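Trainee: My questions will all concern the structure given below.
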Amino acid sequence: MDALQLGSNGPQVTRLQKKLQKAGFNPGDTDGDFGPATQAAILAYQKSEGLLADGVAGPRTLESLGLTKDDSLPSVVANVTSRIVSEMFPMTPVDNIDANLPAVLDAMEAADLGDKSMILMALATIRAETESFRPISEGLSKFNTSPGGHPFDLYDNRKDLGNQGAPDGEQFRGRGFVQLTGRNNYARCGALIGLGDQLTKKPELANDPKIAAEILAAFLKDKERQIKEALLEDDLKTARKLVNGGSNGLDRFADAYQRGDSLLT
């Protein structure tokens, strides 16, 4: 069943309106025309059920109302080509995109994140974190290493990262497409992608392209609802912060997202 939204009409809209009415959310006349009253009823229903409140009766809303058994979102993965991604990454060698894009797309689809907004989110995140489109390790900077200190000493005792003193700072420095950082994040993501404690025992695995892609997808899946709420408001700064924790790389992130939004159908 296709998504229903403002301007849709026909028998499917009538069934939707009747389901909303039965659920206690009055759409007005059950006339088969998806107008403002039906949209308002959808928004109220979505908020009540903890669904993304976008006013569109997409797969997840339709499934919740019992109008479909398939709540998977339409995937754009088949439309994502190296040519499109290279336009989102104007400074990046195409060979790097060719080599690593398949792993990213496979991981996103496996996590049921193949819809346009989340694919753009993944690619824009890579642009912000590692513009080379390769999983990389974090370099030294004033933010992670003190003057005269050993590498990554400013991370060693970061309780918020779960680090327990040297050599945790260097051991669990940023890696991968999403720059996974800190003992806690390595442990959590290892569990999420089925590696158990292997990531904490061998943190360098986070730079394996397949694993790096799965970590990226896991990070985005964990924040999917909040990210989509931010994107509904065209709030790229908040969407970026939900993954990065700040606004580092926001200019590259926004540029990639906006380029991709105009290119990807």
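Chain identifiers are assigned as A, B, and so on, following the order in which chains appear in the structure tokens; residues are numbered from 1 within each chain, and ligands are numbered from 1 in order of appearance.
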Check the DSSP output for the backbone and give back, as a PyMOL selection string, the residues of region 117-260 of chain A in strand (DSSP E or B).
Mentor: chain A and resi 136-137+175-176+180
Trainee: Can I get the selection written as a PDB file, in the first residue's frame, with C-alpha atoms?
Mentor:
ATOM      1  CA  ILE A 136      40.313   6.212   9.336  1.00  0.00           C
ATOM      2  CA  SER A 137      41.832   6.685  12.786  1.00  0.00           C
ATOM      3  CA  ARG A 175      37.983   5.203  14.223  1.00  0.00           C
ATOM      4  CA  GLY A 176      35.856   4.226  11.277  1.00  0.00           C
ATOM      5  CA  LEU A 180      33.755   5.734  17.160  1.00  0.00           C
TER       6      LEU A 180
END
Trainee: Give me every helix (DSSP H, G or I) residue in region 55-147 of chain A, going by DSSP on the backbone, as a count of residues only.
Mentor: 47
Trainee: Mind checking which residues fall within 7 Å of region 96-98 of chain A, counting only C-alpha atoms, ignoring those fewer than 2 positions away in the same chain, and posting them as a list of chain:residue names?
Mentor: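 Everything that qualifies: A:Ser82, A:Pro93, A:Val94, A:Asn100, A:Leu101, A:Ser132, A:Phe133, A:Arg134.
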Trainee: Neighbouring residues of region 181-187 of chain A were defined as those with any atom within 8 Å, considering only C-alpha atoms; residues of the same chain fewer than 3 positions away were excluded. Please report them as an mmCIF file with C-alpha atoms, in the first residue's frame.
Mentor:
data_model
loop_
_atom_site.group_PDB
_atom_site.id
_atom_site.type_symbol
_atom_site.label_atom_id
_atom_site.label_comp_id
_atom_site.auth_asym_id
_atom_site.auth_seq_id
_atom_site.Cartn_x
_atom_site.Cartn_y
_atom_site.Cartn_z
ATOM 1 C CA TYR A 155 40.935 11.001 26.532
ATOM 2 C CA LEU A 161 33.523 7.800 27.394
ATOM 3 C CA GLY A 162 33.979 4.976 29.892
ATOM 4 C CA ASN A 163 37.767 5.287 29.710
ATOM 5 C CA ASP A 168 42.447 3.880 26.957
ATOM 6 C CA GLY A 169 42.701 7.277 25.268
ATOM 7 C CA PHE A 172 39.829 3.794 21.970
ATOM 8 C CA ARG A 173 40.481 6.903 19.881
ATOM 9 C CA GLY A 174 38.154 7.768 17.026
ATOM 10 C CA ARG A 175 37.983 5.203 14.223
ATOM 11 C CA GLY A 190 30.415 -4.347 19.370
ATOM 12 C CA ALA A 191 27.362 -5.821 21.051
ATOM 13 C CA GLY A 196 30.497 -9.219 21.448
ATOM 14 C CA ASP A 197 33.635 -7.907 23.167
ATOM 15 C CA LEU A 199 35.836 -4.462 19.463
ATOM 16 C CA THR A 200 37.159 -3.726 22.939
ATOM 17 C CA PRO A 203 39.672 -1.741 18.563
#
Trainee: Closest to Pro209 (chain A) among A:Leu62, A:Ala99, A:Leu236, A:Thr81, using only C-alpha atoms?
Mentor: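 Looking at the shortest contact to Pro209 (chain A), the residue is A:Ala99.
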Trainee: Report as JSON, numbers by chain all protein, DNA and RNA residues lying within 8 Å of Glu129 (chain A), evaluated on only C-alpha atoms, omitting residues in the same chain fewer than 5 positions from it.
Mentor: {"A": [177, 178, 179, 249]}
Trainee: Take the residues just selected and output them with C-alpha atoms as a compact mmCIF listing (two decimals), in the first residue's frame.
Mentor:
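File produced: out.txt:
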# COMPACT_ATOMS: atom_id res chain seq x y z
CA PHE A 177 33.32 6.16 9.23
CA VAL A 178 31.64 7.63 12.30
CA GLN A 179 34.82 8.10 14.39
CA GLY A 249 32.18 19.21 10.36
